[in-house]
file entry32.txt (compact mmCIF, C-alpha atoms)
# COMPACT_ATOMS: atom_id res chain seq x y z
CA MET G 456 -26.96 2.79 39.01
CA LYS G 457 -23.88 0.91 37.76
CA TYR G 458 -26.14 -1.66 36.12
CA ILE G 459 -27.96 1.05 34.13
CA LEU G 460 -24.67 2.66 33.08
CA VAL G 461 -23.17 -0.67 31.92
CA THR G 462 -26.36 -1.54 30.03
CA ALA G 463 -26.37 1.85 28.30
CA LEU G 464 -22.69 1.51 27.30
CA CYS G 465 -23.27 -2.00 25.92
CA PHE G 466 -26.25 -0.79 23.89
CA LEU G 467 -24.27 2.13 22.46
CA SER G 468 -21.30 -0.09 21.57
CA PHE G 469 -23.57 -2.49 19.65
CA ASN G 470 -24.85 0.43 17.58
CA ILE G 471 -21.34 1.73 16.92
CA PHE G 472 -19.97 -1.62 15.74
CA ALA G 473 -23.07 -2.82 13.91
CA GLN G 474 -22.55 -3.58 10.23
CA LYS G 475 -24.61 -1.64 7.77
CA PRO G 476 -26.98 -3.71 5.66
CA CYS G 477 -25.92 -4.86 2.20
CA ASP G 478 -27.16 -2.67 -0.64
CA TYR G 479 -27.86 -4.86 -3.68
CA ALA G 480 -28.48 -3.73 -7.23
CA THR G 481 -29.57 -7.29 -8.12
CA ASN G 482 -30.51 -10.25 -5.92
CA VAL G 483 -32.14 -13.08 -7.91
CA THR G 484 -32.68 -16.78 -7.23
CA ASP G 485 -34.48 -18.86 -9.83
CA SER G 486 -34.39 -22.31 -11.46
CA ILE G 487 -31.13 -21.45 -13.27
CA GLY G 488 -29.25 -20.38 -10.14
CA THR G 489 -28.53 -17.41 -7.90
CA TYR G 490 -27.04 -14.01 -8.65
CA LYS G 491 -26.31 -11.17 -6.24
CA SER G 492 -24.63 -7.90 -7.17
CA THR G 493 -23.90 -4.91 -4.96
CA LYS G 494 -24.50 -1.38 -6.15
CA GLU G 495 -21.61 0.38 -7.87
CA TYR G 496 -19.23 2.21 -5.54
CA LEU G 497 -16.83 4.98 -6.56
CA ILE G 498 -13.26 3.92 -5.75
CA SER G 499 -11.26 6.58 -7.58
CA GLU G 500 -11.97 9.97 -9.08
CA LYS G 501 -9.46 12.12 -10.98
CA VAL G 502 -10.67 15.45 -12.32
CA PHE G 503 -8.04 17.72 -13.85
CA GLY G 504 -7.92 20.14 -16.76
CA GLY G 505 -11.18 19.12 -18.38
CA ASN G 506 -10.38 15.40 -18.09
CA SER G 507 -12.24 13.09 -15.73
CA ASN G 508 -11.49 9.49 -14.79
CA TYR G 509 -13.74 7.40 -12.57
CA ILE G 510 -13.38 3.83 -11.31
CA PHE G 511 -16.38 2.00 -9.86
CA TYR G 512 -16.48 -1.38 -8.09
CA SER G 513 -19.33 -3.79 -7.57
CA LEU G 514 -19.16 -7.26 -6.07
CA ALA G 515 -21.16 -10.17 -7.48
CA LEU G 516 -21.88 -13.74 -6.49
CA THR G 517 -22.91 -16.05 -9.33
CA ASP G 518 -23.81 -19.56 -8.19
CA GLY G 519 -21.23 -19.41 -5.41
CA LEU G 520 -18.44 -17.76 -7.48
CA PRO G 521 -17.45 -14.32 -6.09
CA THR G 522 -16.32 -11.73 -8.66
CA LEU G 523 -15.42 -8.05 -8.79
CA THR G 524 -16.78 -5.91 -11.61
CA VAL G 525 -14.59 -2.90 -12.36
CA GLN G 526 -16.03 -0.10 -14.48
CA LEU G 527 -13.74 2.62 -15.80
CA ILE G 528 -15.14 5.84 -17.24
CA GLN G 529 -12.88 8.36 -18.97
CA LYS G 530 -14.20 11.73 -20.08
CA SER G 531 -12.21 14.23 -22.16
CA LYS G 532 -12.38 16.67 -25.07
CA ASP G 533 -9.04 15.25 -26.22
CA PHE G 534 -8.28 11.77 -27.53
CA VAL G 535 -9.06 9.07 -24.97
CA LYS G 536 -6.52 6.25 -24.99
CA ALA G 537 -7.96 2.74 -25.13
CA ASN G 538 -6.58 0.31 -22.55
CA CYS G 539 -8.02 -3.13 -23.16
CA PHE G 540 -8.77 -6.01 -20.84
CA ASP G 541 -7.85 -9.46 -22.12
CA LYS G 542 -7.42 -13.00 -20.75
CA ASP G 543 -4.05 -12.03 -19.21
CA SER G 544 -5.31 -8.88 -17.45
CA LYS G 545 -5.10 -8.82 -13.68
CA ILE G 546 -5.76 -6.58 -10.73
CA PHE G 547 -3.26 -6.55 -7.90
CA LEU G 548 -4.43 -5.13 -4.57
CA GLN G 549 -1.70 -4.21 -2.13
CA LEU G 550 -3.04 -4.38 1.41
CA GLN G 551 -1.83 -2.32 4.34
CA ASN G 552 -0.71 -5.51 6.07
CA GLY G 553 1.87 -5.97 3.26
CA LYS G 554 0.11 -8.79 1.43
CA ILE G 555 -0.90 -8.66 -2.24
CA VAL G 556 -4.20 -10.07 -3.51
CA THR G 557 -4.43 -10.98 -7.21
CA LEU G 558 -7.68 -11.00 -9.16
CA LEU G 559 -7.82 -12.70 -12.57
CA HIS G 560 -9.80 -11.34 -15.52
CA ILE G 561 -12.31 -13.62 -17.18
CA ASP G 562 -11.40 -14.67 -20.71
CA GLN G 563 -13.19 -11.85 -22.51
CA GLU G 564 -11.46 -9.03 -24.39
CA ASN G 565 -12.93 -5.58 -23.80
CA CYS G 566 -11.60 -2.21 -24.94
CA GLY G 567 -14.72 -0.30 -23.98
CA SER G 568 -16.99 1.82 -26.08
CA MET G 569 -16.64 5.46 -27.07
CA VAL G 570 -19.62 7.78 -26.74
CA ARG G 571 -19.65 11.49 -27.57
CA ASP G 572 -21.99 13.53 -25.38
CA ASP G 573 -23.90 16.71 -26.26
CA LYS G 574 -21.17 18.92 -24.70
CA GLY G 575 -18.48 17.59 -27.06
CA PHE G 576 -16.79 15.26 -24.58
CA ASP G 577 -15.59 11.82 -25.62
CA ASN G 578 -16.55 9.23 -23.02
CA ARG G 579 -14.90 5.81 -22.95
CA VAL G 580 -16.67 3.25 -20.78
CA LYS G 581 -15.19 -0.18 -20.16
CA SER G 582 -15.96 -2.93 -17.71
CA GLY G 583 -14.04 -5.96 -16.60
CA ILE G 584 -15.01 -8.91 -14.45
CA PHE G 585 -12.30 -10.27 -12.18
CA MET G 586 -12.32 -13.50 -10.20
CA PHE G 587 -10.88 -13.84 -6.71
CA THR G 588 -8.23 -16.47 -6.11
CA LYS G 589 -8.32 -18.59 -2.95
CA GLU G 590 -4.99 -17.21 -1.71
CA ASN G 591 -5.31 -14.11 0.47
CA TYR G 592 -9.09 -13.80 -0.06
CA GLU G 593 -9.58 -13.73 3.71
CA ASP G 594 -7.07 -10.85 4.02
CA LEU G 595 -9.47 -8.55 2.16
CA LYS G 596 -11.87 -8.85 5.10
CA ILE G 597 -9.36 -7.64 7.69
CA SER G 598 -6.92 -5.26 5.99
CA PRO G 599 -7.52 -1.99 4.10
CA VAL G 600 -6.27 -1.68 0.50
CA SER G 601 -3.58 0.93 -0.13
CA LEU G 602 -2.83 0.47 -3.84
CA MET G 603 -4.42 -1.09 -6.90
CA ARG G 604 -2.44 -2.04 -9.99
CA ILE G 605 -4.39 -2.81 -13.17
CA LYS G 606 -2.57 -4.83 -15.82
CA TYR G 607 -4.15 -4.16 -19.21
CA LEU G 608 -3.32 -5.80 -22.52
CA THR G 609 -0.52 -3.29 -23.27
CA ASP G 610 -0.22 -1.06 -20.20
CA VAL G 611 -0.13 -0.98 -16.41
CA GLU G 612 -1.86 1.62 -14.23
CA ASP G 613 -1.41 2.24 -10.50
CA ILE G 614 -4.14 3.82 -8.36
CA ILE G 615 -3.42 4.88 -4.80
CA PHE G 616 -6.46 4.40 -2.59
CA LYS G 617 -7.51 7.23 -0.33
CA LYS G 618 -8.85 6.66 3.13
CA GLU G 619 -11.75 8.97 2.35
CA PHE G 620 -12.74 11.51 -0.29
CA THR G 621 -15.72 13.62 -1.25
CA ALA G 622 -16.57 13.06 -4.90
CA GLU G 623 -17.04 15.97 -7.25
CA LEU G 624 -19.35 13.70 -9.25
CA ASP G 625 -22.11 13.46 -6.65
CA GLY G 626 -20.86 15.16 -3.46
CA LYS G 627 -20.92 11.91 -1.45
CA VAL G 628 -18.15 10.71 0.86
CA TYR G 629 -16.45 7.46 -0.19
CA HIS G 630 -14.06 5.16 1.70
CA PRO G 631 -12.11 3.17 -0.92
CA GLU G 632 -9.50 1.73 1.48
CA THR G 633 -12.11 -0.25 3.40
CA TYR G 634 -14.41 -1.17 0.49
CA PHE G 635 -13.72 -4.91 0.74
CA MET G 636 -13.80 -4.91 4.56
CA ASP G 637 -17.25 -3.29 4.43
CA ASN G 638 -18.76 -5.19 1.50
CA ILE G 639 -17.20 -8.60 0.85
CA ARG G 640 -19.54 -10.17 3.40
CA CYS G 641 -22.43 -9.25 1.07
CA ILE G 642 -21.41 -11.93 -1.45
CA GLU G 643 -20.65 -14.77 0.96
call {"tool": "encode", "arguments": {"input": "entry32.txt", "output": "structure tokens"}}
result
Amino acid sequence: MKYILVTALCFLSFNIFAQKPCDYATNVTDSIGTYKSTKEYLISEKVFGGNSNYIFYSLALTDGLPTLTVQLIQKSKDFVKANCFDKDSKIFLQLQNGKIVTLLHIDQENCGSMVRDDKGFDNRVKSGIFMFTKENYEDLKISPVSLMRIKYLTDVEDIIFKKEFTAELDGKVYHPETYFMDNIRCIE
């Protein structure tokens, strides 16, 4: 009887601790090289007074180089301020273990594009690609992120990561704190 009980507990524990499979938007290998990219994941959502701000992450691996693509979407009936990415832009991730991980922007200036929708909202969409540095890369696998600081061309923005939130955008539950712990293995 003990043998059956131990076997059942082992089986259940494997299911509890099993990693979920990687969900790729793109996974290509050809004569030029390889490219993998995870699906976009909502990291931050701010909806207040007719203004909406969304930040999405996706991880990519291009011929062995891991990168983080950050997409920012701002939606408002008022003027939407343009914060630009440039060669000096960085993302700083403060981990719960006290360490700070720095990601460097590729040398490509981007202020986003403005699109007016049929409801009269101005939508600014901008993307930036950030490279991981070798220092503290391993820490992203074992420690949740508590804060992200984005250094733009002329401004700095801090985003506090939540453990979990239900998005107004699509009603799904997101876990931004553990994004890297759950997904960085997908680009290794």
call {"tool": "residues_around", "arguments": {"input": "entry32.txt", "residues": "region 520-533 of chain G", "least_positions_apart": "3", "cutoff": "8 Å", "atoms": "all atoms listed in the file", "output": "list of chain:residue names"}}
result
G:Gly505, G:Asn506, G:Ser507, G:Asn508, G:Tyr509, G:Ile510, G:Phe511, G:Tyr512, G:Ser513, G:Leu514, G:Ala515, G:Leu516, G:Thr517, G:Gly575, G:Phe576, G:Asp577, G:Asn578, G:Arg579, G:Val580, G:Lys581, G:Ser582, G:Gly583, G:Ile584, G:Phe585, G:Met586, G:Phe587, G:Ile642, G:Glu643
call {"tool": "atom_distance", "arguments": {"input": "entry32.txt", "atom1": "CA of Ile546 (chain G)", "atom2": "CA of Gly504 (chain G)"}}
result
27.5 Å
call {"tool": "atom_distance", "arguments": {"input": "entry32.txt", "atom1": "CA of Lys617 (chain G)", "atom2": "CA of Pro599 (chain G)"}}
result
10.2 Å
call {"tool": "atom_distance", "arguments": {"input": "entry32.txt", "atom1": "CA of Tyr592 (chain G)", "atom2": "CA of Arg604 (chain G)"}}
result
16.8 Å
call {"tool": "residues_around", "arguments": {"input": "entry32.txt", "residues": "Gly553 (chain G)", "least_positions_apart": "2", "cutoff": "12 Å", "atoms": "only C-alpha atoms", "output": "VMD selection string"}}
result
chain G and resid 548 to 551 555 to 556 591 594 to 595 598 to 602
call {"tool": "write_last_selection", "arguments": {"input": "entry32.txt", "atoms": "C-alpha atoms", "output": "CSV table (one decimal), keeping the file's coordinate frame"}}
result
chain,number,residue,atom,x,y,z
G,548,LEU,CA,-4.4,-5.1,-4.6
G,549,GLN,CA,-1.7,-4.2,-2.1
G,550,LEU,CA,-3.0,-4.4,1.4
G,551,GLN,CA,-1.8,-2.3,4.3
G,555,ILE,CA,-0.9,-8.7,-2.2
G,556,VAL,CA,-4.2,-10.1,-3.5
G,591,ASN,CA,-5.3,-14.1,0.5
G,594,ASP,CA,-7.1,-10.8,4.0
G,595,LEU,CA,-9.5,-8.6,2.2
G,598,SER,CA,-6.9,-5.3,6.0
G,599,PRO,CA,-7.5,-2.0,4.1
G,600,VAL,CA,-6.3,-1.7,0.5
G,601,SER,CA,-3.6,0.9,-0.1
G,602,LEU,CA,-2.8,0.5,-3.8
call {"tool": "closest_residue", "arguments": {"input": "entry32.txt", "among": "G:Val535, G:Ala480, G:Ile639, G:Leu497", "to": "Glu593 (chain G)", "atoms": "all atoms listed in the file"}}
result
G:Ile639
call {"tool": "residues_around", "arguments": {"input": "entry32.txt", "residues": "Val483 (chain G)", "least_positions_apart": "4", "cutoff": "12 Å", "atoms": "all atoms listed in the file", "output": "number ranges by chain"}}
result
G: 479, 487-493, 515-518
call {"tool": "write_last_selection", "arguments": {"input": "entry32.txt", "atoms": "C-alpha atoms", "output": "PDB file, keeping the file's coordinate frame"}}
result
ATOM      1  CA  TYR G 479     -27.860  -4.860  -3.680  1.00  0.00           C
ATOM      2  CA  ILE G 487     -31.130 -21.450 -13.270  1.00  0.00           C
ATOM      3  CA  GLY G 488     -29.250 -20.380 -10.140  1.00  0.00           C
ATOM      4  CA  THR G 489     -28.530 -17.410  -7.900  1.00  0.00           C
ATOM      5  CA  TYR G 490     -27.040 -14.010  -8.650  1.00  0.00           C
ATOM      6  CA  LYS G 491     -26.310 -11.170  -6.240  1.00  0.00           C
ATOM      7  CA  SER G 492     -24.630  -7.900  -7.170  1.00  0.00           C
ATOM      8  CA  THR G 493     -23.900  -4.910  -4.960  1.00  0.00           C
ATOM      9  CA  ALA G 515     -21.160 -10.170  -7.480  1.00  0.00           C
ATOM     10  CA  LEU G 516     -21.880 -13.740  -6.490  1.00  0.00           C
ATOM     11  CA  THR G 517     -22.910 -16.050  -9.330  1.00  0.00           C
ATOM     12  CA  ASP G 518     -23.810 -19.560  -8.190  1.00  0.00           C
TER      13      ASP G 518
END
call {"tool": "residues_around", "arguments": {"input": "entry32.txt", "residues": "Cys539 (chain G)", "least_positions_apart": "4", "cutoff": "7 Å", "atoms": "all atoms listed in the file", "output": "short mmCIF file (atom, residue, chain, number, x, y, z; two decimals) with C-alpha atoms, keeping the file's coordinate frame"}}
result
data_model
loop_
_atom_site.label_atom_id
_atom_site.label_comp_id
_atom_site.auth_asym_id
_atom_site.auth_seq_id
_atom_site.Cartn_x
_atom_site.Cartn_y
_atom_site.Cartn_z
CA GLU G 564 -11.46 -9.03 -24.39
CA ASN G 565 -12.93 -5.58 -23.80
CA CYS G 566 -11.60 -2.21 -24.94
CA TYR G 607 -4.15 -4.16 -19.21
CA LEU G 608 -3.32 -5.80 -22.52
#
call {"tool": "closest_residue", "arguments": {"input": "entry32.txt", "among": "G:Lys554, G:Lys475, G:Ile614, G:Asp485", "to": "Met636 (chain G)", "atoms": "all atoms listed in the file"}}
result
G:Lys475
call {"tool": "closest_residue", "arguments": {"input": "entry32.txt", "among": "G:Gly519, G:Pro631, G:Gly567, G:Gly626", "to": "Asn538 (chain G)", "atoms": "only C-alpha atoms"}}
result
G:Gly567
call {"tool": "residues_near_point", "arguments": {"input": "entry32.txt", "point": "(-17.1, 18.6, -6.7)", "cutoff": "12 Å", "atoms": "all atoms listed in the file", "output": "VMD selection string"}}
result
chain G and resid 500 to 503 507 620 to 628
call {"tool": "write_last_selection", "arguments": {"input": "entry32.txt", "atoms": "C-alpha atoms", "output": "tab-separated table (two decimals), keeping the file's coordinate frame"}}
result
chain	number	residue	atom	x	y	z
G	500	GLU	CA	-11.97	9.97	-9.08
G	501	LYS	CA	-9.46	12.12	-10.98
G	502	VAL	CA	-10.67	15.45	-12.32
G	503	PHE	CA	-8.04	17.72	-13.85
G	507	SER	CA	-12.24	13.09	-15.73
G	620	PHE	CA	-12.74	11.51	-0.29
G	621	THR	CA	-15.72	13.62	-1.25
G	622	ALA	CA	-16.57	13.06	-4.90
G	623	GLU	CA	-17.04	15.97	-7.25
G	624	LEU	CA	-19.35	13.70	-9.25
G	625	ASP	CA	-22.11	13.46	-6.65
G	626	GLY	CA	-20.86	15.16	-3.46
G	627	LYS	CA	-20.92	11.91	-1.45
G	628	VAL	CA	-18.15	10.71	0.86
call {"tool": "closest_residue", "arguments": {"input": "entry32.txt", "among": "G:Asp478, G:Glu632, G:Asp637, G:Asp610", "to": "Asp541 (chain G)", "atoms": "only C-alpha atoms"}}
result
G:Asp610
